[in-house]
$ cat my_file.cif   # mmCIF, C-alpha atoms
data_work
loop_
_atom_site.label_atom_id
_atom_site.label_comp_id
_atom_site.auth_asym_id
_atom_site.auth_seq_id
_atom_site.Cartn_x
_atom_site.Cartn_y
_atom_site.Cartn_z
CA MET A 14 29.13 -42.11 -24.89
CA ILE A 15 26.83 -40.65 -22.22
CA PHE A 16 29.84 -39.57 -20.17
CA ASP A 17 31.29 -37.74 -23.21
CA GLU A 18 28.01 -35.81 -23.67
CA LEU A 19 28.01 -34.80 -20.03
CA LEU A 20 31.54 -33.45 -20.35
CA LYS A 21 30.49 -31.29 -23.28
CA LYS A 22 27.77 -29.56 -21.24
CA ASP A 23 28.42 -26.14 -19.78
CA SER A 24 28.33 -26.86 -16.09
CA THR A 25 29.03 -23.29 -14.97
CA SER A 26 25.39 -22.29 -14.49
CA GLU A 27 24.54 -25.54 -12.72
CA LEU A 28 27.38 -25.11 -10.24
CA SER A 29 27.00 -21.38 -9.70
CA ASN A 30 25.07 -21.86 -6.46
CA LEU A 31 27.21 -24.68 -5.12
CA GLY A 32 27.94 -23.91 -1.49
CA ASN A 33 25.22 -21.24 -1.30
CA GLN A 34 23.37 -22.09 1.87
CA SER A 35 20.46 -19.73 1.33
CA GLY A 36 19.90 -19.82 -2.43
CA ILE A 37 19.13 -16.08 -2.27
CA LYS A 38 20.11 -14.01 -5.29
CA VAL A 39 22.37 -11.17 -4.18
CA ILE A 40 23.48 -8.22 -6.32
CA GLN A 41 26.29 -5.83 -5.42
CA PHE A 42 26.72 -2.25 -6.60
CA HIS A 43 30.14 -0.77 -5.89
CA LYS A 44 31.86 2.57 -6.36
CA THR A 45 35.30 1.52 -5.16
CA ASP A 46 37.44 -1.57 -5.61
CA ALA A 47 37.90 -1.70 -1.83
CA SER A 48 34.20 -2.28 -1.11
CA LYS A 49 33.83 -4.73 -4.02
CA THR A 50 36.78 -6.78 -2.82
CA LEU A 51 35.63 -6.78 0.81
CA VAL A 52 32.11 -7.95 -0.08
CA GLU A 53 33.47 -10.74 -2.31
CA GLU A 54 35.91 -11.89 0.38
CA THR A 55 33.13 -11.81 2.97
CA PHE A 56 30.83 -13.98 0.88
CA ARG A 57 33.62 -16.52 0.41
CA PHE A 58 34.26 -16.34 4.16
CA ILE A 59 30.63 -17.20 5.07
CA GLY A 60 30.32 -19.88 2.38
CA GLU A 61 27.92 -18.07 0.08
CA SER A 62 28.29 -17.83 -3.68
CA GLN A 63 29.60 -14.55 -5.04
CA PRO A 64 27.03 -11.79 -5.62
CA THR A 65 26.66 -10.45 -9.13
CA ALA A 66 28.65 -7.21 -9.16
CA TYR A 67 28.04 -3.98 -11.08
CA THR A 68 29.61 -0.55 -10.92
CA TYR A 69 27.05 1.72 -9.26
CA LYS A 70 25.16 3.87 -11.76
CA PHE A 71 21.90 5.20 -10.33
CA ASP A 72 19.82 5.03 -13.52
CA GLU A 73 20.86 1.44 -14.26
CA VAL A 74 20.22 -0.05 -10.81
CA PRO A 75 16.47 -0.84 -11.18
CA GLY A 76 16.95 -2.60 -14.52
CA GLN A 77 19.88 -4.65 -13.27
CA VAL A 78 17.95 -5.70 -10.15
CA GLU A 79 14.96 -6.65 -12.29
CA GLU A 80 17.05 -8.55 -14.84
CA LEU A 81 18.77 -10.63 -12.16
CA ARG A 82 15.56 -10.97 -10.11
CA ALA A 83 17.70 -10.12 -7.12
CA GLN A 84 16.35 -10.58 -3.61
CA VAL A 85 19.11 -8.77 -1.72
CA ALA A 86 21.12 -5.73 -2.86
CA ILE A 87 24.34 -4.41 -1.32
CA ILE A 88 24.94 -0.82 -2.41
CA ASP A 89 28.16 1.13 -1.85
CA LEU A 90 27.35 4.80 -1.24
CA VAL A 91 30.55 5.64 0.65
CA GLU A 92 31.41 8.50 -1.70
CA CYS A 93 27.83 9.77 -2.09
CA ASP A 94 27.37 13.50 -1.37
CA ASP A 95 23.78 13.18 -0.11
CA ILE A 96 23.11 9.63 1.00
CA LEU A 97 19.56 10.27 2.23
CA LYS A 98 18.48 11.87 -1.03
CA GLU A 99 20.08 9.06 -3.04
CA CYS A 100 18.41 6.36 -0.93
CA ARG A 101 15.06 8.12 -1.01
CA GLN A 102 15.07 8.06 -4.79
CA LEU A 103 16.32 4.47 -4.87
CA SER A 104 13.53 3.33 -2.57
CA GLU A 105 10.95 4.56 -5.06
CA ARG A 106 12.45 2.54 -7.91
CA LEU A 107 13.40 -0.75 -6.26
CA PRO A 108 10.98 -3.64 -5.60
CA THR A 109 9.46 -3.47 -2.13
CA SER A 110 10.41 -7.12 -1.58
CA LEU A 111 14.12 -6.35 -2.11
CA SER A 112 16.23 -6.32 1.05
CA VAL A 113 18.71 -3.44 0.70
CA LEU A 114 21.98 -3.04 2.60
CA ILE A 115 23.57 0.40 2.24
CA ILE A 116 27.27 0.87 3.01
CA GLY A 117 28.03 4.52 3.76
CA SER A 118 30.49 6.80 5.50
CA VAL A 119 28.02 9.08 7.34
CA ASP A 120 28.21 8.38 11.09
CA SER A 121 24.80 9.63 12.17
CA ILE A 122 21.98 7.96 14.07
CA SER A 123 19.49 10.16 12.21
CA VAL A 124 20.69 8.65 8.91
CA VAL A 125 20.18 5.13 10.29
CA ARG A 126 16.67 6.02 11.47
CA GLU A 127 15.73 7.69 8.20
CA LEU A 128 16.99 4.75 6.14
CA LYS A 129 15.02 2.41 8.38
CA THR A 130 11.85 4.21 7.30
CA PHE A 131 12.73 3.29 3.69
CA GLY A 132 13.23 -0.33 4.76
CA PHE A 133 17.00 -0.12 4.21
CA TYR A 134 19.75 -1.59 6.40
CA TYR A 135 22.78 0.63 6.99
CA LEU A 136 26.39 -0.24 7.80
CA LEU A 137 29.09 2.34 8.49
CA TRP A 138 32.29 2.26 6.43
CA PRO A 139 35.04 1.27 7.08
CA VAL A 140 33.88 -2.10 8.33
CA SER A 141 35.77 -5.28 9.23
CA LYS A 142 35.20 -8.53 7.39
CA ILE A 143 33.85 -10.17 10.57
CA GLU A 144 31.35 -7.38 11.20
CA LEU A 145 30.23 -7.35 7.57
CA ALA A 146 29.89 -11.14 7.60
CA GLU A 147 27.65 -11.08 10.68
CA PHE A 148 25.54 -8.30 9.21
CA ILE A 149 25.09 -10.02 5.82
CA GLU A 150 24.21 -13.34 7.47
CA GLY A 151 21.56 -11.52 9.50
CA VAL A 152 20.06 -9.90 6.39
CA LEU A 153 20.02 -13.21 4.49
CA ALA A 154 18.46 -15.02 7.45
CA GLN A 155 15.67 -12.46 7.77
CA HIS A 156 14.99 -12.54 4.07
CA GLU A 157 15.00 -16.35 3.92
CA ALA A 158 12.58 -16.51 6.84
CA ALA A 159 10.27 -14.02 5.08
CA ASN A 160 10.50 -11.89 8.18
CA PHE A 161 11.77 -8.64 6.70
CA LYS A 162 10.08 -6.35 9.20
CA HIS A 163 11.10 -3.11 7.51
CA ARG A 164 9.62 -3.99 4.15
CA ARG A 165 8.83 -0.84 2.24
CA ARG A 166 5.27 0.07 1.40
CA ALA A 167 4.13 1.89 -1.71
CA LYS A 168 3.96 5.66 -1.83
CA ARG A 169 0.39 6.73 -2.49
CA ILE A 170 -0.17 9.58 -4.92
CA GLY A 171 -3.56 11.23 -5.32
CA ILE A 172 -4.31 13.13 -8.53
CA ILE A 173 -7.01 15.46 -7.26
CA GLY A 174 -9.31 17.38 -9.58
CA THR A 175 -10.98 20.39 -8.01
CA ARG A 176 -13.68 20.08 -10.67
CA GLY A 177 -14.60 17.52 -13.34
CA GLY A 178 -13.24 17.46 -16.87
CA ILE A 179 -9.85 19.08 -16.26
CA GLY A 180 -7.62 16.12 -17.09
CA THR A 181 -6.98 14.23 -13.84
CA SER A 182 -7.56 10.84 -15.47
CA LEU A 183 -5.21 11.69 -18.32
CA ILE A 184 -2.52 12.89 -15.91
CA THR A 185 -2.96 9.74 -13.78
CA ALA A 186 -2.44 7.50 -16.81
CA GLU A 187 0.58 9.46 -18.03
CA LEU A 188 2.22 9.29 -14.58
CA GLY A 189 1.61 5.56 -14.38
CA TRP A 190 3.25 5.11 -17.76
CA LEU A 191 6.21 7.37 -16.91
CA LEU A 192 6.89 5.78 -13.52
CA SER A 193 6.74 2.25 -14.91
CA ASN A 194 8.73 2.96 -18.08
CA ASP A 195 11.06 5.93 -17.56
CA LYS A 196 11.61 5.46 -13.82
CA GLN A 197 11.39 1.65 -13.91
CA ALA A 198 9.16 1.61 -10.83
CA SER A 199 6.20 -0.70 -10.28
CA CYS A 200 2.80 1.03 -10.06
CA VAL A 201 -0.87 0.35 -9.49
CA VAL A 202 -3.21 2.90 -11.06
CA VAL A 203 -6.54 3.08 -9.24
CA ASP A 204 -9.78 4.07 -10.96
CA ASN A 205 -12.12 5.55 -8.32
CA ASN A 206 -14.94 6.02 -10.81
CA TYR A 207 -17.01 2.90 -10.12
CA ILE A 208 -19.53 3.49 -12.90
CA SER A 209 -17.84 4.96 -16.00
CA GLY A 210 -14.72 7.00 -16.81
CA ASN A 211 -11.96 6.98 -19.44
CA LEU A 212 -8.91 5.97 -17.42
CA ASP A 213 -8.78 2.55 -19.09
CA ILE A 214 -8.69 4.18 -22.52
CA PHE A 215 -5.86 6.52 -21.53
CA LEU A 216 -3.90 3.50 -20.26
CA GLY A 217 -4.49 1.58 -23.49
CA VAL A 218 -6.51 -1.16 -21.77
CA LYS A 219 -8.94 -2.62 -24.31
CA ASN A 220 -12.36 -4.08 -23.58
CA ARG A 221 -11.88 -3.92 -19.82
CA GLU A 222 -15.11 -3.88 -17.84
CA LYS A 223 -14.95 -2.85 -14.22
CA ARG A 224 -14.56 -5.79 -11.86
CA LYS A 225 -17.73 -6.60 -9.91
CA LEU A 226 -17.14 -8.08 -6.48
CA ASN A 227 -18.86 -11.11 -5.01
CA ALA A 228 -20.55 -11.08 -1.61
CA VAL A 229 -17.41 -12.11 0.27
CA GLU A 230 -15.21 -9.52 -1.45
CA SER A 231 -17.70 -6.66 -1.15
CA GLY A 232 -17.91 -7.42 2.55
CA GLY A 233 -14.27 -6.49 2.90
CA ASN A 234 -12.95 -10.05 3.26
CA ILE A 235 -10.04 -9.49 0.90
CA ASP A 236 -6.58 -10.94 1.35
CA GLU A 237 -3.43 -10.43 -0.72
CA ALA A 238 -4.24 -13.24 -3.16
CA ILE A 239 -7.73 -11.87 -3.87
CA ALA A 240 -6.35 -8.33 -4.21
CA LYS A 241 -3.85 -9.47 -6.85
CA SER A 242 -6.62 -11.19 -8.81
CA LEU A 243 -8.58 -7.94 -9.04
CA VAL A 244 -5.98 -5.97 -11.02
CA THR A 245 -5.39 -5.91 -14.77
CA ARG A 246 -1.83 -6.11 -16.02
CA VAL A 247 -1.01 -3.22 -18.38
CA ASN A 248 2.70 -4.06 -18.62
CA HIS A 249 5.14 -5.94 -16.41
CA ARG A 250 5.50 -2.97 -14.05
CA LEU A 251 2.05 -1.37 -14.33
CA ASP A 252 -1.28 -2.70 -13.00
CA TYR A 253 -4.77 -1.22 -13.23
CA LEU A 254 -7.40 -1.53 -10.51
CA ALA A 255 -10.98 -0.74 -11.58
CA LEU A 256 -13.80 -2.00 -9.41
CA GLY A 257 -17.44 -1.59 -10.39
CA LEU A 258 -20.59 -0.94 -8.37
CA ASP A 259 -23.42 -3.40 -8.20
CA ASN A 260 -25.66 -2.67 -5.24
CA GLU A 261 -23.13 -0.89 -3.04
CA SER A 262 -22.85 2.84 -2.45
CA SER A 263 -19.77 4.77 -3.58
CA SER A 264 -18.76 5.64 -0.01
CA ASP A 265 -18.86 2.02 1.13
CA PHE A 266 -17.10 0.88 -2.01
CA HIS A 267 -14.27 3.34 -1.45
CA GLU A 268 -13.49 1.49 1.79
CA VAL A 269 -13.32 -1.78 -0.13
CA THR A 270 -10.94 -0.17 -2.61
CA ASN A 271 -8.72 0.95 0.26
CA THR A 272 -8.68 -2.60 1.61
CA VAL A 273 -7.51 -3.87 -1.78
CA ILE A 274 -4.86 -1.16 -1.96
CA GLY A 275 -3.65 -2.04 1.54
CA ASN A 276 -3.03 -5.60 0.38
CA LEU A 277 -1.21 -4.46 -2.75
CA SER A 278 0.94 -1.73 -1.21
CA SER A 279 3.75 -4.04 -0.09
CA GLU A 280 4.09 -5.41 -3.64
CA THR A 281 4.59 -2.19 -5.59
CA ASN A 282 6.44 1.13 -5.47
CA PHE A 283 3.56 3.52 -6.18
CA ILE A 284 -0.22 3.60 -5.83
CA ILE A 285 -1.70 6.33 -8.07
CA ASP A 286 -5.32 7.32 -7.32
CA ASP A 287 -7.41 9.05 -9.97
CA LEU A 288 -9.51 11.36 -7.77
CA SER A 289 -11.44 13.25 -10.40
CA ALA A 290 -13.98 15.70 -9.00
CA SER A 291 -16.56 14.21 -11.37
CA VAL A 292 -16.71 11.26 -8.95
CA GLY A 293 -18.30 11.53 -5.51
CA PHE A 294 -15.16 10.77 -3.50
CA ASP A 295 -14.31 12.27 -0.15
CA ILE A 296 -11.74 15.08 -0.44
CA ARG A 297 -11.90 16.19 3.18
CA PRO A 298 -8.36 16.99 4.39
CA THR A 299 -8.75 14.45 7.21
CA ILE A 300 -9.05 11.71 4.58
CA LEU A 301 -6.46 13.01 2.13
CA MET A 302 -3.78 13.63 4.75
CA LYS A 303 -4.28 10.18 6.25
CA GLN A 304 -4.11 8.24 3.00
CA LEU A 305 -1.71 10.12 0.73
CA ASP A 306 2.02 10.72 0.60
CA VAL A 307 1.77 13.10 -2.37
CA ALA A 308 -1.30 15.15 -3.32
CA VAL A 309 -1.21 16.48 -6.89
CA VAL A 310 -3.89 19.17 -7.04
CA VAL A 311 -5.00 19.84 -10.63
CA MET A 312 -6.80 23.01 -11.76
CA ASP A 313 -7.50 24.83 -15.00
CA PRO A 314 -7.32 28.62 -15.65
CA THR A 315 -10.95 29.45 -14.93
CA ILE A 316 -12.48 31.52 -12.15
CA SER A 317 -14.74 28.74 -10.90
CA CYS A 318 -11.87 26.26 -10.71
CA LEU A 319 -9.64 28.85 -9.03
CA ARG A 320 -12.21 29.32 -6.27
CA GLU A 321 -12.61 25.57 -5.74
CA THR A 322 -8.83 25.14 -5.60
CA ALA A 323 -8.45 27.96 -3.09
CA ALA A 324 -11.11 26.39 -0.87
CA LEU A 325 -9.43 22.99 -0.98
CA LEU A 326 -5.94 24.33 -0.25
CA ASN A 327 -7.19 26.52 2.59
CA ASN A 328 -9.01 23.55 4.15
CA ILE A 329 -5.85 21.45 3.91
CA LYS A 330 -3.74 24.19 5.45
CA LYS A 331 -6.26 24.72 8.26
CA HIS A 332 -6.33 20.99 8.99
CA ILE A 333 -2.52 20.86 9.13
CA GLU A 334 -2.27 23.82 11.50
CA GLU A 335 -5.08 22.71 13.82
CA ASN A 336 -3.78 19.17 14.18
CA GLU A 337 -0.04 19.96 14.11
CA LEU A 338 0.50 17.12 11.66
CA ARG A 339 3.97 15.77 11.07
CA LYS A 340 3.32 13.35 8.24
CA ALA A 341 5.35 14.48 5.23
CA VAL A 342 2.50 14.83 2.73
CA ARG A 343 3.65 16.85 -0.24
CA ILE A 344 1.28 19.16 -2.12
CA ILE A 345 2.02 19.74 -5.82
CA LEU A 346 -0.08 22.29 -7.70
CA VAL A 347 -0.60 21.65 -11.41
CA LEU A 348 -2.19 24.13 -13.80
CA ASN A 349 -3.57 22.26 -16.80
CA LYS A 350 -4.20 24.49 -19.82
CA HIS A 351 -6.14 21.74 -21.58
CA ARG A 352 -8.07 24.15 -23.76
CA ALA A 353 -7.09 27.01 -26.07
CA SER A 354 -6.26 30.37 -24.48
CA ARG A 355 -9.57 31.96 -25.55
CA PHE A 356 -11.28 29.74 -22.96
CA HIS A 357 -9.04 30.96 -20.12
CA SER A 358 -10.61 33.45 -17.71
CA VAL A 359 -7.58 33.97 -15.41
CA THR A 360 -3.84 34.26 -15.99
CA GLU A 361 -1.01 32.43 -14.23
CA ALA A 362 -0.05 35.62 -12.41
CA GLU A 363 -3.61 36.10 -11.17
CA ILE A 364 -3.76 32.50 -9.95
CA VAL A 365 -0.51 32.84 -7.99
CA LYS A 366 -1.67 36.14 -6.48
CA TYR A 367 -5.08 34.77 -5.51
CA LEU A 368 -3.79 31.51 -4.03
CA ASN A 369 -0.63 33.07 -2.60
CA VAL A 370 1.32 29.95 -3.54
CA PRO A 371 3.48 29.11 -6.57
CA ILE A 372 2.34 26.86 -9.40
CA ASP A 373 4.65 23.84 -9.50
CA ILE A 374 3.88 22.56 -13.00
CA VAL A 375 2.11 24.16 -15.97
CA LEU A 376 0.79 21.78 -18.62
CA PRO A 377 0.48 23.80 -21.84
CA TYR A 378 -2.31 23.44 -24.40
CA GLU A 379 -1.26 21.02 -27.12
CA ILE A 380 -3.37 21.09 -30.27
CA SER A 381 -2.16 17.63 -31.36
CA ALA A 382 -2.93 15.98 -28.00
CA GLU A 383 -6.25 14.48 -29.10
CA GLU A 384 -4.70 13.08 -32.26
CA ALA A 385 -1.93 11.45 -30.21
CA LEU A 386 -4.42 9.90 -27.81
CA VAL A 387 -6.59 8.52 -30.60
CA SER A 388 -3.53 6.91 -32.18
CA GLY A 389 -2.67 5.23 -28.89
CA ASN A 390 0.45 7.27 -28.07
CA MET A 391 1.31 8.53 -24.61
CA LEU A 392 1.64 12.31 -24.53
CA SER A 393 4.61 12.13 -22.17
CA SER A 394 6.60 10.13 -24.71
CA GLY A 395 6.56 12.96 -27.25
CA LYS A 396 8.97 15.86 -27.71
CA THR A 397 6.32 18.53 -27.19
CA LYS A 398 6.26 21.06 -24.35
CA LEU A 399 3.33 19.13 -22.87
CA GLY A 400 5.36 15.93 -22.86
CA SER A 401 8.29 17.75 -21.28
CA GLN A 402 6.12 19.14 -18.47
CA LEU A 403 4.52 15.76 -17.79
CA ARG A 404 8.00 14.32 -17.40
CA ALA A 405 8.91 17.22 -15.11
CA LEU A 406 5.87 16.43 -12.94
CA CYS A 407 6.97 12.81 -12.68
CA SER A 408 10.49 13.88 -11.71
CA LEU A 409 9.09 16.21 -9.07
CA ILE A 410 7.06 13.38 -7.55
CA VAL A 411 10.08 11.06 -7.24
CA GLY A 412 12.22 13.80 -5.74
CA GLU A 413 14.49 14.55 -8.67
CA GLU A 414 15.91 18.01 -9.26
CA ALA A 415 13.57 20.53 -10.85
CA THR A 416 14.04 24.14 -11.84
CA PRO A 417 14.33 26.44 -8.78
CA SER A 418 11.01 28.17 -9.44
CA ARG A 419 9.15 24.88 -9.35
CA VAL A 420 10.31 23.29 -6.11
CA LYS A 421 8.78 25.46 -3.39
CA SER A 422 6.25 23.78 -1.11
CA LEU A 423 2.73 25.11 -0.82
CA PHE A 424 3.02 24.64 2.92
CA PRO A 425 6.75 24.64 3.76
CA PHE A 426 6.12 24.41 7.49
CA PHE A 427 4.41 21.06 6.91
CA ARG A 428 7.40 19.32 5.38
CA LYS A 429 9.48 17.01 7.45
CA LYS A 430 13.14 17.89 7.70
CA GLY A 431 14.87 15.91 4.97
CA ALA A 432 11.65 15.20 3.07
CA ASN A 433 11.67 15.03 -0.72
CA GLN A 434 12.10 18.42 -2.34
#
$ encode --input "my_file.cif" --output "structure tokens"
Amino acid sequence: MIFDELLKKDSTSELSNLGNQSGIKVIQFHKTDASKTLVEETFRFIGESQPTAYTYKFDEVPGQVEELRAQVAIIDLVECDDILKECRQLSERLPTSLSVLIIGSVDSISVVRELKTFGFYYLLWPVSKIELAEFIEGVLAQHEAANFKHRRRAKRIGIIGTRGGIGTSLITAELGWLLSNDKQASCVVVDNNYISGNLDIFLGVKNREKRKLNAVESGGNIDEAIAKSLVTRVNHRLDYLALGLDNESSSDFHEVTNTVIGNLSSETNFIIDDLSASVGFDIRPTILMKQLDVAVVVMDPTISCLRETAALLNNIKKHIEENELRKAVRIILVLNKHRASRFHSVTEAEIVKYLNVPIDIVLPYEISAEEALVSGNMLSSGKTKLGSQLRALCSLIVGEEATPSRVKSLFPFFRKKGANQ
């Protein structure tokens, strides 16, 4: 009787890993039957179970990786027109713990080096079964030994307000929601206001008091486990970090926040800092250029804000020129028309002329914005012009195509060759 019941059981799932020496979940994305077949034959050759295979579709890759909880991904980009651009955008959507092997047809050492900065392995196509087998075994061995030296670290985005009350917290929350939902990327949103602020409300976090640190934590003795315990989960891809002052000063506490972020950066795709000018944070170019990968400078159409923005951008430019920096920090200028036009004291044309740089994104005034926020809706999820522009800002940050008039760099000489456009 017992034997009969055992025979009725579906044994497929129980035997799926039979012969798999590593127990590592591998997913394969293919564009051609040739690469799919070769990878499958290679896995049989080295005694590993077959990877789960999908036809490569860029937008579906993050969800499929997440659903399978894959640890290693093999991606066929042999027929890709711009492999660096494709991989750059992939790296911002895939888990940092995922080991990624790219198969491509571009024979260039610069491509190999660039992909290495993303934490990707690269193998030139065509490739023999023996060579592919050795390469895959090496990737699996490194992953199994938890010694993936080229593990990707989060991109850090600073939403910088040149004055208080111009919407940096709102924009930070909207970007966190867009990146975690629309782009399927993991994010940590950082509240740098250690006393008050509304970032938690914009994120939809209820009854969340800022986390006070104990003596050990405030002294900077924070490891990865402690760092993870300090964040609040908003959804399965979005976390919120909000530390609160007790007896510490803001400047000292900012160092503690950076220590926490350093421990979290290998576990997420993006760190988004709310750097509202209403908080006493340090916006010296030496600090910003060292910490950030993308600086989103937010201003409103007023004379006072225009002057503050000009001063900040000039200081950044001067710092870049004097130090001949090569780090590919991107500057994105956002004009937020958060109030009705009668409160504007300068026009877009006057702003461009005064700053001598283009405006990348204009967030229009939306009369129903407050109503949407009160009802708990994200502005970027709506079909308004404001929602459309918030989505455009998110796309610009992750390197997706934007309209030609919105892609120029503030400081084009500062961009690395091949950096996100």
$ atom_distance --input "my_file.cif" --atom1 "CA of Leu90 in chain A" --atom2 "CA of Ile116 in chain A"
5.8 Å
$ closest_residue --input "my_file.cif" --among "A:Val113, A:Val52, A:Met312, A:Ile344" --to "Gly178 in chain A" --atoms "only C-alpha atoms"
A:Met312
$ resolve_selection --input "my_file.cif" --expression "the PyMOL selection byres ((chain A and resi 399) around 7)" --output "PyMOL selection string"
chain A and resi 376-377+379+397-398+400-403
$ atom_distance --input "my_file.cif" --atom1 "CA of Val342 in chain A" --atom2 "CA of Val119 in chain A"
26.6 Å
$ closest_atom_pairs --input "my_file.cif" --of "range 247-362 of chain A" --to "range 75-80 of chain A" --cutoff "12 Å" --atoms "all atoms listed in the file" --output "Markdown table"
| residue | atom | partner | partner_atom | distance |
| --- | --- | --- | --- | --- |
| A:His249 | CA | A:Glu79 | CA | 10.7 |
| A:Arg250 | CA | A:Glu79 | CA | 10.3 |
| A:Asn282 | CA | A:Pro75 | CA | 11.7 |
$ atom_distance --input "my_file.cif" --atom1 "CA of Asp195 in chain A" --atom2 "CA of Ala353 in chain A"
29.1 Å
$ resolve_selection --input "my_file.cif" --expression "the PyMOL selection byres ((chain A and resi 351) around 12)" --output "number ranges by chain"
A: 178-181, 183-184, 311-315, 347-350, 352-357, 375-383, 399
$ residues_around --input "my_file.cif" --residues "Gly171 in chain A" --least-positions-apart "3" --cutoff "6 Å" --atoms "all atoms listed in the file" --output "list in words"
Ile285, Asp286, Ala308 and Val309 of chain A
